[in-house]
file protein.cif (mmCIF, N, CA and C atoms)
data_work
loop_
_atom_site.label_atom_id
_atom_site.label_comp_id
_atom_site.auth_asym_id
_atom_site.auth_seq_id
_atom_site.Cartn_x
_atom_site.Cartn_y
_atom_site.Cartn_z
N MET A 30 8.66 15.59 63.08
CA MET A 30 7.49 14.89 62.60
C MET A 30 7.50 14.93 61.07
N SER A 31 7.41 13.78 60.48
CA SER A 31 7.45 13.73 59.02
C SER A 31 6.04 13.90 58.47
N ARG A 32 6.01 14.48 57.30
CA ARG A 32 4.70 14.71 56.67
C ARG A 32 4.37 13.51 55.78
N ALA A 33 3.16 13.08 55.79
CA ALA A 33 2.71 11.96 54.97
C ALA A 33 2.55 12.44 53.53
N SER A 34 2.92 11.61 52.64
CA SER A 34 2.80 11.95 51.23
C SER A 34 1.34 11.88 50.79
N ASN A 35 0.93 12.85 50.01
CA ASN A 35 -0.43 12.87 49.48
C ASN A 35 -0.53 12.16 48.13
N VAL A 36 0.58 11.64 47.65
CA VAL A 36 0.59 10.95 46.36
C VAL A 36 0.05 9.55 46.58
N PRO A 37 -1.02 9.22 45.84
CA PRO A 37 -1.57 7.86 46.03
C PRO A 37 -0.62 6.81 45.46
N THR A 38 -0.59 5.69 46.08
CA THR A 38 0.23 4.60 45.59
C THR A 38 -0.62 3.69 44.72
N ALA A 39 0.04 3.06 43.78
CA ALA A 39 -0.68 2.14 42.89
C ALA A 39 -0.96 0.86 43.65
N SER A 40 -2.22 0.54 43.77
CA SER A 40 -2.57 -0.67 44.50
C SER A 40 -2.71 -1.86 43.56
N GLU A 41 -2.93 -1.58 42.26
CA GLU A 41 -3.10 -2.66 41.29
C GLU A 41 -2.16 -2.41 40.12
N PRO A 42 -1.67 -3.47 39.53
CA PRO A 42 -0.80 -3.28 38.37
C PRO A 42 -1.58 -2.68 37.20
N THR A 43 -0.84 -2.01 36.32
CA THR A 43 -1.45 -1.44 35.13
C THR A 43 -1.98 -2.58 34.27
N PRO A 44 -3.22 -2.46 33.79
CA PRO A 44 -3.76 -3.55 32.98
C PRO A 44 -2.99 -3.69 31.67
N SER A 45 -2.81 -4.89 31.26
CA SER A 45 -2.11 -5.14 29.99
C SER A 45 -3.15 -5.19 28.88
N PRO A 46 -2.71 -4.92 27.65
CA PRO A 46 -3.67 -4.98 26.55
C PRO A 46 -4.22 -6.38 26.38
N PRO A 47 -5.40 -6.49 25.80
CA PRO A 47 -5.97 -7.82 25.61
C PRO A 47 -5.08 -8.66 24.71
N PRO A 48 -5.08 -9.94 24.88
CA PRO A 48 -4.24 -10.79 24.05
C PRO A 48 -4.67 -10.71 22.59
N THR A 49 -3.71 -10.79 21.71
CA THR A 49 -3.97 -10.76 20.28
C THR A 49 -4.48 -12.13 19.86
N SER A 50 -5.49 -12.12 19.00
CA SER A 50 -6.04 -13.39 18.55
C SER A 50 -5.04 -14.07 17.62
N THR A 51 -5.20 -15.34 17.47
CA THR A 51 -4.32 -16.11 16.59
C THR A 51 -4.41 -15.60 15.16
N SER A 52 -5.62 -15.25 14.71
CA SER A 52 -5.77 -14.77 13.34
C SER A 52 -5.07 -13.43 13.15
N GLN A 53 -5.07 -12.58 14.18
CA GLN A 53 -4.36 -11.31 14.08
C GLN A 53 -2.86 -11.54 13.98
N VAL A 54 -2.35 -12.47 14.73
CA VAL A 54 -0.92 -12.79 14.69
C VAL A 54 -0.56 -13.33 13.31
N ILE A 55 -1.40 -14.20 12.77
CA ILE A 55 -1.15 -14.76 11.43
C ILE A 55 -1.19 -13.65 10.39
N ASP A 56 -2.19 -12.75 10.47
CA ASP A 56 -2.29 -11.63 9.53
C ASP A 56 -1.05 -10.75 9.60
N GLN A 57 -0.60 -10.43 10.80
CA GLN A 57 0.58 -9.59 10.96
C GLN A 57 1.81 -10.29 10.39
N ALA A 58 1.94 -11.56 10.61
CA ALA A 58 3.09 -12.31 10.09
C ALA A 58 3.05 -12.35 8.56
N ALA A 59 1.86 -12.54 8.00
CA ALA A 59 1.72 -12.57 6.54
C ALA A 59 2.07 -11.22 5.95
N ARG A 60 1.60 -10.15 6.56
CA ARG A 60 1.93 -8.80 6.07
C ARG A 60 3.43 -8.55 6.15
N ALA A 61 4.03 -8.95 7.25
CA ALA A 61 5.48 -8.76 7.41
C ALA A 61 6.24 -9.55 6.36
N ARG A 62 5.78 -10.75 6.05
CA ARG A 62 6.43 -11.57 5.04
C ARG A 62 6.32 -10.91 3.67
N VAL A 63 5.14 -10.36 3.35
CA VAL A 63 4.96 -9.69 2.06
C VAL A 63 5.81 -8.43 2.01
N LEU A 64 5.82 -7.65 3.08
CA LEU A 64 6.66 -6.45 3.12
C LEU A 64 8.13 -6.80 2.87
N ALA A 65 8.58 -7.88 3.49
CA ALA A 65 9.98 -8.29 3.33
C ALA A 65 10.30 -8.71 1.91
N SER A 66 9.27 -9.14 1.15
CA SER A 66 9.50 -9.59 -0.22
C SER A 66 9.56 -8.43 -1.22
N LEU A 67 9.19 -7.22 -0.78
CA LEU A 67 9.13 -6.07 -1.69
C LEU A 67 10.49 -5.42 -1.87
N ARG A 68 10.62 -4.69 -2.99
CA ARG A 68 11.82 -3.88 -3.20
C ARG A 68 11.86 -2.82 -2.11
N PRO A 69 13.04 -2.32 -1.75
CA PRO A 69 13.13 -1.31 -0.68
C PRO A 69 12.22 -0.09 -0.90
N ILE A 70 12.19 0.46 -2.11
CA ILE A 70 11.34 1.63 -2.37
C ILE A 70 9.87 1.26 -2.21
N ASP A 71 9.48 0.07 -2.64
CA ASP A 71 8.09 -0.38 -2.50
C ASP A 71 7.71 -0.50 -1.03
N ARG A 72 8.60 -1.08 -0.26
CA ARG A 72 8.36 -1.26 1.18
C ARG A 72 8.24 0.11 1.85
N ARG A 73 9.15 1.03 1.51
CA ARG A 73 9.11 2.38 2.10
C ARG A 73 7.80 3.08 1.74
N PHE A 74 7.33 2.89 0.51
CA PHE A 74 6.08 3.51 0.08
C PHE A 74 4.89 2.96 0.88
N VAL A 75 4.81 1.66 0.99
CA VAL A 75 3.70 1.04 1.73
C VAL A 75 3.70 1.49 3.19
N LEU A 76 4.88 1.67 3.75
CA LEU A 76 4.99 2.09 5.14
C LEU A 76 4.83 3.60 5.32
N GLY A 77 4.64 4.33 4.22
CA GLY A 77 4.46 5.77 4.29
C GLY A 77 5.75 6.55 4.42
N GLU A 78 6.87 5.90 4.13
CA GLU A 78 8.17 6.56 4.24
C GLU A 78 8.67 7.11 2.91
N ALA A 79 7.97 6.83 1.83
CA ALA A 79 8.32 7.34 0.50
C ALA A 79 7.05 7.89 -0.13
N THR A 80 7.22 8.91 -0.95
CA THR A 80 6.07 9.56 -1.59
C THR A 80 5.73 8.87 -2.91
N LEU A 81 4.59 9.22 -3.44
CA LEU A 81 4.18 8.71 -4.74
C LEU A 81 5.15 9.18 -5.83
N ASP A 82 5.67 10.39 -5.69
CA ASP A 82 6.67 10.88 -6.65
C ASP A 82 7.93 10.02 -6.63
N GLU A 83 8.38 9.64 -5.44
CA GLU A 83 9.56 8.78 -5.33
C GLU A 83 9.29 7.41 -5.93
N LEU A 84 8.11 6.88 -5.68
CA LEU A 84 7.74 5.59 -6.26
C LEU A 84 7.68 5.69 -7.78
N THR A 85 7.12 6.78 -8.29
CA THR A 85 7.03 7.00 -9.73
C THR A 85 8.41 7.01 -10.37
N ALA A 86 9.35 7.66 -9.70
CA ALA A 86 10.71 7.76 -10.23
C ALA A 86 11.41 6.41 -10.28
N GLU A 87 10.95 5.45 -9.48
CA GLU A 87 11.61 4.15 -9.43
C GLU A 87 10.68 2.99 -9.79
N LEU A 88 9.72 3.25 -10.66
CA LEU A 88 8.82 2.18 -11.10
C LEU A 88 9.63 1.06 -11.75
N PRO A 89 9.24 -0.17 -11.53
CA PRO A 89 9.93 -1.27 -12.20
C PRO A 89 9.79 -1.11 -13.72
N PRO A 90 10.84 -1.45 -14.47
CA PRO A 90 10.78 -1.29 -15.93
C PRO A 90 9.60 -2.00 -16.56
N GLU A 91 9.24 -3.16 -16.03
CA GLU A 91 8.13 -3.90 -16.64
C GLU A 91 6.79 -3.19 -16.47
N VAL A 92 6.70 -2.24 -15.56
CA VAL A 92 5.48 -1.46 -15.39
C VAL A 92 5.52 -0.21 -16.27
N ALA A 93 6.69 0.43 -16.34
CA ALA A 93 6.80 1.72 -17.01
C ALA A 93 7.21 1.65 -18.48
N ASP A 94 7.92 0.61 -18.88
CA ASP A 94 8.44 0.55 -20.25
C ASP A 94 7.34 0.63 -21.30
N GLY A 95 7.60 1.47 -22.28
CA GLY A 95 6.69 1.59 -23.41
C GLY A 95 5.49 2.49 -23.17
N LEU A 96 5.35 3.01 -21.97
CA LEU A 96 4.21 3.88 -21.68
C LEU A 96 4.54 5.32 -22.04
N PRO A 97 3.57 6.06 -22.55
CA PRO A 97 3.81 7.48 -22.77
C PRO A 97 3.96 8.18 -21.41
N ARG A 98 4.70 9.26 -21.39
CA ARG A 98 4.93 9.99 -20.13
C ARG A 98 3.63 10.35 -19.43
N SER A 99 2.60 10.60 -20.20
CA SER A 99 1.32 11.00 -19.62
C SER A 99 0.67 9.88 -18.81
N ARG A 100 1.08 8.64 -19.01
CA ARG A 100 0.48 7.51 -18.29
C ARG A 100 1.32 7.03 -17.11
N ILE A 101 2.56 7.48 -17.02
CA ILE A 101 3.46 6.99 -15.96
C ILE A 101 2.89 7.26 -14.57
N ALA A 102 2.41 8.47 -14.32
CA ALA A 102 1.88 8.80 -12.99
C ALA A 102 0.66 7.94 -12.66
N ARG A 103 -0.18 7.69 -13.63
CA ARG A 103 -1.37 6.86 -13.40
C ARG A 103 -0.96 5.43 -13.06
N GLU A 104 0.01 4.90 -13.79
CA GLU A 104 0.47 3.54 -13.51
C GLU A 104 1.16 3.47 -12.16
N ALA A 105 1.88 4.54 -11.78
CA ALA A 105 2.52 4.57 -10.46
C ALA A 105 1.47 4.52 -9.36
N ALA A 106 0.37 5.26 -9.53
CA ALA A 106 -0.70 5.25 -8.54
C ALA A 106 -1.32 3.85 -8.46
N SER A 107 -1.53 3.23 -9.61
CA SER A 107 -2.09 1.88 -9.62
C SER A 107 -1.11 0.89 -8.99
N TYR A 108 0.17 1.05 -9.28
CA TYR A 108 1.20 0.19 -8.71
C TYR A 108 1.22 0.34 -7.18
N GLY A 109 1.12 1.57 -6.71
CA GLY A 109 1.08 1.81 -5.27
C GLY A 109 -0.13 1.17 -4.61
N ARG A 110 -1.29 1.28 -5.27
CA ARG A 110 -2.48 0.62 -4.74
C ARG A 110 -2.29 -0.89 -4.70
N ALA A 111 -1.66 -1.41 -5.75
CA ALA A 111 -1.41 -2.86 -5.80
C ALA A 111 -0.54 -3.30 -4.63
N LEU A 112 0.53 -2.55 -4.38
CA LEU A 112 1.42 -2.90 -3.27
C LEU A 112 0.67 -2.91 -1.94
N ARG A 113 -0.09 -1.86 -1.71
CA ARG A 113 -0.83 -1.76 -0.45
C ARG A 113 -1.88 -2.85 -0.32
N THR A 114 -2.54 -3.16 -1.42
CA THR A 114 -3.55 -4.22 -1.40
C THR A 114 -2.91 -5.56 -1.07
N LEU A 115 -1.80 -5.87 -1.71
CA LEU A 115 -1.13 -7.14 -1.47
C LEU A 115 -0.68 -7.27 -0.01
N VAL A 116 -0.12 -6.19 0.53
CA VAL A 116 0.32 -6.24 1.94
C VAL A 116 -0.89 -6.41 2.84
N GLU A 117 -1.96 -5.68 2.56
CA GLU A 117 -3.17 -5.79 3.38
C GLU A 117 -3.73 -7.21 3.34
N LEU A 118 -3.68 -7.83 2.16
CA LEU A 118 -4.17 -9.20 2.03
C LEU A 118 -3.20 -10.23 2.58
N GLY A 119 -1.94 -9.83 2.75
CA GLY A 119 -0.92 -10.77 3.22
C GLY A 119 -0.52 -11.76 2.14
N LEU A 120 -0.56 -11.32 0.87
CA LEU A 120 -0.23 -12.18 -0.26
C LEU A 120 0.84 -11.54 -1.13
N THR A 121 1.78 -12.34 -1.59
CA THR A 121 2.72 -11.85 -2.59
C THR A 121 1.99 -11.78 -3.92
N ALA A 122 2.60 -11.13 -4.91
CA ALA A 122 1.97 -11.04 -6.23
C ALA A 122 1.73 -12.44 -6.81
N GLU A 123 2.68 -13.32 -6.61
CA GLU A 123 2.53 -14.70 -7.12
C GLU A 123 1.37 -15.42 -6.44
N GLU A 124 1.25 -15.24 -5.13
CA GLU A 124 0.16 -15.87 -4.39
C GLU A 124 -1.19 -15.29 -4.82
N TYR A 125 -1.22 -13.97 -5.05
CA TYR A 125 -2.45 -13.33 -5.50
C TYR A 125 -2.84 -13.85 -6.88
N ALA A 126 -1.86 -13.98 -7.77
CA ALA A 126 -2.12 -14.51 -9.11
C ALA A 126 -2.72 -15.91 -9.02
N ALA A 127 -2.18 -16.72 -8.13
CA ALA A 127 -2.73 -18.07 -7.94
C ALA A 127 -4.16 -18.01 -7.40
N GLU A 128 -4.43 -17.05 -6.52
CA GLU A 128 -5.77 -16.89 -5.95
C GLU A 128 -6.79 -16.54 -7.03
N ILE A 129 -6.37 -15.77 -8.04
CA ILE A 129 -7.31 -15.37 -9.09
C ILE A 129 -7.22 -16.33 -10.28
N ASP A 130 -6.62 -17.49 -10.07
CA ASP A 130 -6.53 -18.56 -11.07
C ASP A 130 -5.78 -18.17 -12.34
N ASP A 131 -4.74 -17.35 -12.19
CA ASP A 131 -3.88 -17.02 -13.31
C ASP A 131 -2.44 -16.96 -12.80
N PRO A 132 -1.87 -18.12 -12.44
CA PRO A 132 -0.56 -18.13 -11.79
C PRO A 132 0.58 -17.56 -12.64
N ARG A 133 0.38 -17.40 -13.93
CA ARG A 133 1.44 -16.83 -14.78
C ARG A 133 1.44 -15.30 -14.78
N MET A 134 0.39 -14.69 -14.23
CA MET A 134 0.27 -13.23 -14.25
C MET A 134 1.26 -12.59 -13.27
N SER A 135 2.00 -11.62 -13.75
CA SER A 135 2.96 -10.90 -12.90
C SER A 135 2.29 -9.67 -12.30
N LEU A 136 2.95 -9.06 -11.34
CA LEU A 136 2.44 -7.83 -10.75
C LEU A 136 2.31 -6.75 -11.83
N ALA A 137 3.28 -6.67 -12.72
CA ALA A 137 3.21 -5.68 -13.80
C ALA A 137 1.99 -5.93 -14.68
N ASP A 138 1.70 -7.20 -14.98
CA ASP A 138 0.51 -7.53 -15.77
C ASP A 138 -0.76 -7.07 -15.05
N MET A 139 -0.80 -7.29 -13.75
CA MET A 139 -1.97 -6.91 -12.97
C MET A 139 -2.16 -5.40 -12.98
N VAL A 140 -1.06 -4.68 -12.79
CA VAL A 140 -1.13 -3.22 -12.74
C VAL A 140 -1.50 -2.66 -14.11
N ARG A 141 -0.81 -3.11 -15.13
CA ARG A 141 -1.07 -2.58 -16.48
C ARG A 141 -2.44 -3.01 -17.00
N GLY A 142 -2.98 -4.09 -16.47
CA GLY A 142 -4.31 -4.52 -16.85
C GLY A 142 -5.42 -3.82 -16.09
N GLY A 143 -5.05 -2.95 -15.14
CA GLY A 143 -6.04 -2.18 -14.39
C GLY A 143 -6.67 -2.91 -13.22
N LEU A 144 -6.08 -4.03 -12.82
CA LEU A 144 -6.67 -4.83 -11.74
C LEU A 144 -6.77 -4.05 -10.43
N PHE A 145 -5.88 -3.10 -10.21
CA PHE A 145 -5.87 -2.35 -8.96
C PHE A 145 -6.30 -0.90 -9.15
N ASP A 146 -6.99 -0.61 -10.24
CA ASP A 146 -7.47 0.74 -10.46
C ASP A 146 -8.53 1.07 -9.42
N GLU A 147 -8.82 2.34 -9.29
CA GLU A 147 -9.74 2.82 -8.26
C GLU A 147 -11.04 2.03 -8.23
N GLY A 148 -11.50 1.77 -7.03
CA GLY A 148 -12.76 1.07 -6.84
C GLY A 148 -12.60 -0.43 -6.73
N ASP A 149 -11.44 -0.96 -7.12
CA ASP A 149 -11.25 -2.40 -7.08
C ASP A 149 -10.96 -2.90 -5.67
N SER A 150 -10.42 -2.04 -4.82
CA SER A 150 -10.03 -2.49 -3.50
C SER A 150 -10.39 -1.45 -2.45
N PRO A 151 -11.63 -1.41 -2.00
CA PRO A 151 -12.05 -0.38 -1.06
C PRO A 151 -11.39 -0.49 0.31
N VAL A 152 -10.72 -1.59 0.63
CA VAL A 152 -10.08 -1.70 1.94
C VAL A 152 -8.77 -0.94 2.00
N VAL A 153 -8.24 -0.51 0.86
CA VAL A 153 -6.98 0.23 0.84
C VAL A 153 -7.30 1.71 0.85
N GLU A 154 -6.75 2.43 1.81
CA GLU A 154 -7.00 3.86 1.89
C GLU A 154 -5.70 4.62 1.68
N TRP A 155 -5.78 5.66 0.84
CA TRP A 155 -4.65 6.54 0.60
C TRP A 155 -4.69 7.66 1.62
N SER A 156 -3.53 8.20 1.95
CA SER A 156 -3.50 9.34 2.86
C SER A 156 -4.11 10.54 2.15
N ALA A 157 -4.49 11.54 2.91
CA ALA A 157 -5.10 12.74 2.32
C ALA A 157 -4.13 13.40 1.34
N GLU A 158 -2.86 13.42 1.68
CA GLU A 158 -1.86 14.02 0.79
C GLU A 158 -1.79 13.25 -0.54
N GLU A 159 -1.79 11.92 -0.47
CA GLU A 159 -1.72 11.12 -1.69
C GLU A 159 -3.01 11.27 -2.51
N GLN A 160 -4.15 11.34 -1.86
CA GLN A 160 -5.42 11.53 -2.57
C GLN A 160 -5.42 12.87 -3.30
N ALA A 161 -4.91 13.91 -2.63
CA ALA A 161 -4.86 15.24 -3.26
C ALA A 161 -3.92 15.23 -4.46
N ARG A 162 -2.79 14.57 -4.33
CA ARG A 162 -1.83 14.50 -5.43
C ARG A 162 -2.43 13.75 -6.63
N ILE A 163 -3.10 12.64 -6.37
CA ILE A 163 -3.72 11.87 -7.44
C ILE A 163 -4.85 12.69 -8.08
N ALA A 164 -5.65 13.36 -7.27
CA ALA A 164 -6.74 14.19 -7.80
C ALA A 164 -6.19 15.32 -8.67
N ALA A 165 -5.06 15.89 -8.26
CA ALA A 165 -4.45 16.96 -9.05
C ALA A 165 -3.92 16.45 -10.38
N MET A 166 -3.52 15.19 -10.44
CA MET A 166 -2.99 14.62 -11.67
C MET A 166 -4.08 14.20 -12.64
N ARG A 167 -5.28 13.96 -12.16
CA ARG A 167 -6.35 13.42 -13.02
C ARG A 167 -6.64 14.26 -14.26
N PRO A 168 -6.78 15.60 -14.15
CA PRO A 168 -7.07 16.37 -15.36
C PRO A 168 -5.97 16.21 -16.43
N ALA A 169 -4.74 16.19 -16.02
CA ALA A 169 -3.65 16.04 -16.98
C ALA A 169 -3.66 14.65 -17.60
N LEU A 170 -4.07 13.67 -16.83
CA LEU A 170 -4.11 12.31 -17.35
C LEU A 170 -5.25 12.13 -18.35
N ARG A 171 -6.32 12.86 -18.15
CA ARG A 171 -7.48 12.74 -19.05
C ARG A 171 -7.31 13.59 -20.30
N GLY A 172 -6.39 14.56 -20.26
CA GLY A 172 -6.19 15.45 -21.40
C GLY A 172 -7.16 16.61 -21.34
N ALA A 173 -6.99 17.52 -22.27
CA ALA A 173 -7.85 18.70 -22.30
C ALA A 173 -9.27 18.30 -22.68
N SER A 174 -10.23 18.95 -22.05
CA SER A 174 -11.61 18.63 -22.38
C SER A 174 -11.99 19.25 -23.71
N PRO A 175 -12.69 18.53 -24.56
CA PRO A 175 -13.05 19.04 -25.88
C PRO A 175 -14.21 20.02 -25.79
N ARG A 176 -13.92 21.30 -25.85
CA ARG A 176 -14.98 22.33 -25.77
C ARG A 176 -14.98 23.16 -26.99
#

call {"tool": "encode", "arguments": {"input": "protein.cif", "output": "structure tokens"}}
result
Amino acid sequence: MSRASNVPTASEPTPSPPPTSTSQVIDQAARARVLASLRPIDRRFVLGEATLDELTAELPPEVADGLPRSRIAREAASYGRALRTLVELGLTAEEYAAEIDDPRMSLADMVRGGLFDEGDSPVVEWSAEEQARIAAMRPALRGASPR
């Protein structure tokens, strides 16, 4: 006499996730297109595969040239925010410049002009590790307090 199995059988197929809306598909495609347009280190940074220190070490010359060493880390943080903002918006730097009615403005111009400084883009969130690193750099960037 065989024993009946106590394991229940699946009577219904596993539900599939809800279909993605057309706008979500378009947003994902736009982000992928922007990611593909970035330098490898920039893409790795946006995807969380490179640190802010690595990005700082490989800043484009047009962002870092002529800056005092004390400002390089700040510009790297702003550059990183710019990259993340552009990917989130699904716009290349050129497309973003056209959106703000200054098609001649480069990404370096935007970064060095402070366009992506803190508070400008609340939809972009830094990881806790990156926030701690930026917070630790702030006193050095501001210089010694006059007491």

call {"tool": "resolve_selection", "arguments": {"input": "protein.cif", "expression": "the PyMOL selection byres (((chain A and resi 137 and name CA) around 12) and name CA)", "output": "ChimeraX atom specification"}}
result
/A:88-94,104-105,107-109,111-112,122-123,126,133-136,138-145

call {"tool": "resolve_selection", "arguments": {"input": "protein.cif", "expression": "the PyMOL selection byres ((chain A and resi 84) around 8)", "output": "list in words"}}
result
Ile70, Asp71, Phe74, Ala79, Thr80, Leu81, Asp82, Glu83, Thr85, Ala86, Glu87, Leu88, Pro89, Ala105, Ala106 and Gly109 of chain A

call {"tool": "atom_distance", "arguments": {"input": "protein.cif", "atom1": "atom CA of Asp131 of chain A", "atom2": "atom CA of Ile101 of chain A"}}
result
25.2 Å

call {"tool": "atom_distance", "arguments": {"input": "protein.cif", "atom1": "atom C of Glu124 of chain A", "atom2": "atom N of Gly77 of chain A"}}
result
22.4 Å

call {"tool": "atom_distance", "arguments": {"input": "protein.cif", "atom1": "atom N of Pro97 of chain A", "atom2": "atom C of Ala161 of chain A"}}
result
21.6 Å

call {"tool": "closest_residue", "arguments": {"input": "protein.cif", "among": "A:Arg162, A:Arg103, A:Arg68, A:Arg60", "to": "Leu118 of chain A", "atoms": "all atoms listed in the file"}}
result
A:Arg60
